[in-house]
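**Student:** Please find protein.txt (compact mmCIF, C-alpha atoms) on the next line:
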```
# COMPACT_ATOMS: atom_id res chain seq x y z
CA MET A 2 31.11 -9.79 27.13
CA ARG A 3 29.52 -6.35 27.29
CA SER A 4 30.62 -5.51 23.75
CA LEU A 5 29.15 -8.79 22.49
CA ILE A 6 25.76 -7.92 24.03
CA SER A 7 25.94 -4.40 22.58
CA LEU A 8 26.77 -5.82 19.17
CA ALA A 9 23.85 -8.29 19.36
CA LEU A 10 21.48 -5.51 20.42
CA ALA A 11 22.67 -3.30 17.56
CA GLY A 12 22.09 -6.21 15.17
CA PHE A 13 18.52 -6.73 16.40
CA ILE A 14 17.75 -3.01 16.10
CA THR A 15 19.18 -2.93 12.57
CA TYR A 16 17.20 -6.03 11.62
CA ALA A 17 13.93 -4.54 12.88
CA ALA A 18 14.56 -1.13 11.32
CA TRP A 19 15.35 -2.69 7.95
CA ASN A 20 12.18 -4.80 7.89
CA VAL A 21 9.92 -1.99 9.11
CA ALA A 22 11.37 0.46 6.56
CA ASN A 23 11.00 -2.09 3.78
CA ALA A 24 7.31 -2.68 4.64
CA TRP A 25 6.59 1.06 4.73
CA MET A 26 8.43 1.73 1.47
CA THR A 27 6.36 -0.98 -0.23
CA TYR A 28 3.21 0.63 1.18
CA PHE A 29 4.15 4.10 -0.12
CA ARG A 30 5.10 2.79 -3.57
CA PHE A 31 1.85 0.85 -3.80
CA LYS A 32 -0.24 3.80 -2.63
CA ASP A 33 1.45 6.09 -5.19
CA ALA A 34 0.73 3.54 -7.93
CA VAL A 35 -2.93 3.38 -6.86
CA THR A 36 -3.11 7.20 -6.95
CA ASP A 37 -1.59 7.24 -10.45
CA ALA A 38 -4.05 4.57 -11.61
CA SER A 39 -6.95 6.58 -10.20
CA GLN A 40 -5.82 9.80 -11.88
CA SER A 41 -5.07 8.26 -15.25
CA GLY A 42 -7.93 5.75 -15.23
CA SER A 43 -10.82 8.14 -15.78
CA ALA A 44 -11.90 6.17 -18.87
CA LEU A 45 -12.03 2.92 -16.89
CA THR A 46 -15.16 1.62 -15.22
CA PRO A 47 -15.01 1.20 -11.43
CA GLU A 48 -14.70 -2.58 -11.91
CA GLN A 49 -11.82 -2.17 -14.37
CA LEU A 50 -10.13 0.22 -11.96
CA ARG A 51 -10.66 -2.30 -9.18
CA GLN A 52 -8.98 -5.00 -11.27
CA ARG A 53 -6.13 -2.59 -12.01
CA VAL A 54 -5.59 -1.99 -8.27
CA LEU A 55 -5.60 -5.74 -7.62
CA ALA A 56 -3.02 -6.19 -10.39
CA LEU A 57 -0.89 -3.47 -8.78
CA ALA A 58 -1.15 -5.28 -5.45
CA SER A 59 0.15 -8.42 -7.09
CA GLN A 60 2.94 -6.46 -8.78
CA TYR A 61 4.07 -4.90 -5.48
CA SER A 62 3.61 -8.17 -3.51
CA VAL A 63 0.91 -6.62 -1.34
CA PRO A 64 -1.43 -9.19 0.30
CA LEU A 65 -4.66 -7.41 -0.66
CA ASP A 66 -7.96 -9.28 -0.42
CA GLU A 67 -10.76 -8.32 -2.81
CA ASP A 68 -13.06 -7.77 0.17
CA ALA A 69 -10.72 -5.13 1.61
CA LEU A 70 -10.93 -2.88 -1.46
CA THR A 71 -13.68 -0.44 -2.44
CA VAL A 72 -13.79 1.71 -5.56
CA THR A 73 -16.50 4.34 -5.99
CA ARG A 74 -16.89 6.86 -8.76
CA ASN A 75 -19.35 9.65 -9.41
CA GLN A 76 -19.56 9.96 -13.21
CA GLN A 77 -21.08 13.44 -13.10
CA THR A 78 -18.34 15.05 -11.02
CA HIS A 79 -15.50 12.69 -12.10
CA HIS A 80 -14.78 12.01 -8.45
CA THR A 81 -13.10 8.70 -7.64
CA GLU A 82 -12.45 7.24 -4.20
CA ILE A 83 -10.42 4.10 -3.55
CA ASP A 84 -10.21 2.69 -0.04
CA GLY A 85 -8.33 -0.36 1.04
CA ARG A 86 -6.43 -2.14 3.73
CA TYR A 87 -4.13 -5.09 4.04
CA ARG A 88 -2.38 -6.83 6.87
CA GLN A 89 1.28 -7.66 6.50
CA PRO A 90 3.45 -9.40 9.09
CA ILE A 91 6.64 -7.44 9.76
CA ALA A 92 9.59 -9.36 11.18
CA VAL A 93 10.77 -7.15 14.02
CA LEU A 94 12.87 -9.95 15.50
CA PRO A 95 14.09 -13.09 13.79
CA TRP A 96 11.60 -15.16 15.81
CA TYR A 97 8.69 -12.66 16.02
CA GLN A 98 6.50 -11.09 13.34
CA TYR A 99 4.16 -8.21 14.16
CA PRO A 100 0.97 -8.18 12.02
CA TYR A 101 0.55 -4.55 10.96
CA THR A 102 -2.52 -3.29 9.09
CA PHE A 103 -1.85 -0.73 6.35
CA THR A 104 -4.83 1.38 5.25
CA TRP A 105 -5.15 3.97 2.53
CA HIS A 106 -7.66 6.36 1.03
CA VAL A 107 -7.19 7.82 -2.45
CA ASP A 108 -9.48 10.66 -3.42
CA THR A 109 -9.14 12.10 -6.95
CA PHE A 110 -10.99 14.51 -9.16
CA VAL A 111 -10.30 14.38 -12.88
CA LEU A 112 -10.94 17.58 -14.80
CA THR A 113 -11.99 16.95 -18.38
CA GLY A 114 -12.24 19.35 -21.26
CA LEU A 115 -9.36 21.57 -20.17
CA ARG A 116 -6.56 21.98 -22.68
```
In structure tokens, write the structure found in this file.
**Tutor:**
Amino acid sequence: MRSLISLALAGFITYAAWNVANAWMTYFRFKDAVTDASQSGSALTPEQLRQRVLALASQYSVPLDEDALTVTRNQQTHHTEIDGRYRQPIAVLPWYQYPYTFTWHVDTFVLTGLR
């Protein structure tokens, strides 16, 4: 009986660890894609960059609302900031999901004229 309880506990821990790791890996991949879009999107307007980030959210299955995303750019200094957040439920137990809020801040400077 004791080994059955230990096996069940190990299964629950593995289940939770898998789901938490999967949620964090999705977050890091999405944040890296947003950083790449910010660095390579210097020719885009802030609204076009915003639409690109929303498309990336759809591609990575991130539940991002338009209200939770801000894109600002200073055209004189080529400074771009992208802030966002999304809430994703993470299944830590088969019958319980914890709603975790992921936030990010991407801050890029694009140097032009250097070759």
**Student:** Using all atoms listed in the file, I'd like a table of the residues in region 51-92 of chain A that come within 8 Å of region 18-28 of chain A; for each, show the closest atom pair and its distance in Å rounded to one decimal, ordered by chain and ascending number, as a Markdown table.
**Tutor:**
```
| residue | atom | partner | partner_atom | distance |
| --- | --- | --- | --- | --- |
| A:Tyr61 | CA | A:Thr27 | CA | 6.9 |
| A:Val63 | CA | A:Thr27 | CA | 7.9 |
| A:Ile91 | CA | A:Val21 | CA | 6.4 |
| A:Ala92 | CA | A:Asn20 | CA | 6.2 |
```
**Student:** Calculated over only C-alpha atoms, which of the candidates A:Val93, A:His79, A:Ala17, A:Ala38 has the smallest distance to Arg53 (chain A)?
**Tutor:**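 Result for the nearest residue to Arg53 (chain A): A:Ala38.
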**Student:** Which residue gives the smallest distance to Asp33 (chain A) among A:Pro95, A:Ala58, A:Arg51, A:Phe13, with all atoms listed in the file counted?
**Tutor:** A:Ala58
**Student:** Quick one: pull the distance between CA of Phe31 (chain A) and CA of Thr109 (chain A), Å, one decimal.
**Tutor:** 16.0 Å
**Student:** With distances taken over all atoms listed in the file, which residue among A:Ile14, A:Arg86, A:Val35, A:Met2 lies nearest Ala56 (chain A)?
**Tutor:** A:Val35
**Student:** Skip Pro64 (chain A) itself and residues of its chain fewer than 3 positions away, then list as a VMD selection string all residues within 9 Å of it, counting all atoms listed in the file.
**Tutor:** chain A and resid 58 to 59 87 to 89
**Student:** Would you export the selected residues with C-alpha atoms as a PDB file, in the frame of the given file, please?
**Tutor:**
```pdb
ATOM      1  CA  ALA A  58      -1.150  -5.280  -5.450  1.00  0.00           C
ATOM      2  CA  SER A  59       0.150  -8.420  -7.090  1.00  0.00           C
ATOM      3  CA  TYR A  87      -4.130  -5.090   4.040  1.00  0.00           C
ATOM      4  CA  ARG A  88      -2.380  -6.830   6.870  1.00  0.00           C
ATOM      5  CA  GLN A  89       1.280  -7.660   6.500  1.00  0.00           C
TER       6      GLN A  89
END
```
**Student:** For CA of Ser43 (chain A) and CA of Asp66 (chain A), quote the distance in Å rounded to one decimal.
**Tutor:**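 According to the coordinates, CA of Ser43 (chain A) and CA of Asp66 (chain A) are separated by 23.4 Å.
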**Student:** With distances taken over only C-alpha atoms, which residue among A:Gln98, A:Phe110, A:Thr104, A:Ser62 lies nearest Glu82 (chain A)?
**Tutor:**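 Of all the options, A:Phe110 lies closest to Glu82 (chain A).
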**Student:** Give me the residues near Arg74 (chain A) as an MDAnalysis selection string, where near means some atom within 12 Å (using only C-alpha atoms) and where sequence neighbours in that chain fewer than 3 positions away do not count.
**Tutor:** chainID A and resid 39:40 42:51 71 77:84 107:111
**Student:** Keeping only C-alpha atoms, write the selected residues to a file as a short mmCIF file (atom, residue, chain, number, x, y, z; two decimals), in the frame of the given file.
**Tutor:**
```cif
data_model
loop_
_atom_site.label_atom_id
_atom_site.label_comp_id
_atom_site.auth_asym_id
_atom_site.auth_seq_id
_atom_site.Cartn_x
_atom_site.Cartn_y
_atom_site.Cartn_z
CA SER A 39 -6.95 6.58 -10.20
CA GLN A 40 -5.82 9.80 -11.88
CA GLY A 42 -7.93 5.75 -15.23
CA SER A 43 -10.82 8.14 -15.78
CA ALA A 44 -11.90 6.17 -18.87
CA LEU A 45 -12.03 2.92 -16.89
CA THR A 46 -15.16 1.62 -15.22
CA PRO A 47 -15.01 1.20 -11.43
CA GLU A 48 -14.70 -2.58 -11.91
CA GLN A 49 -11.82 -2.17 -14.37
CA LEU A 50 -10.13 0.22 -11.96
CA ARG A 51 -10.66 -2.30 -9.18
CA THR A 71 -13.68 -0.44 -2.44
CA GLN A 77 -21.08 13.44 -13.10
CA THR A 78 -18.34 15.05 -11.02
CA HIS A 79 -15.50 12.69 -12.10
CA HIS A 80 -14.78 12.01 -8.45
CA THR A 81 -13.10 8.70 -7.64
CA GLU A 82 -12.45 7.24 -4.20
CA ILE A 83 -10.42 4.10 -3.55
CA ASP A 84 -10.21 2.69 -0.04
CA VAL A 107 -7.19 7.82 -2.45
CA ASP A 108 -9.48 10.66 -3.42
CA THR A 109 -9.14 12.10 -6.95
CA PHE A 110 -10.99 14.51 -9.16
CA VAL A 111 -10.30 14.38 -12.88
#
```
**Student:** Tell me which of A:Gln52, A:Leu94, A:Gln76, A:Asp68 sits closest to Ala9 (chain A), counting only C-alpha atoms.
**Tutor:**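 The answer is A:Leu94, which sits nearest to Ala9 (chain A).
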**Student:** State, in Å with one decimal place, the distance from CA of Gly12 (chain A) to CA of Tyr99 (chain A).
**Tutor:**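 Between CA of Gly12 (chain A) and CA of Tyr99 (chain A) the gap works out to 18.1 Å.
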**Student:** Name the closest residue to Gly85 (chain A) among the candidates A:Asp37, A:Gln60, A:Leu10, A:Ala69; distances are taken between atoms, counting all atoms listed in the file.
**Tutor:** A:Ala69
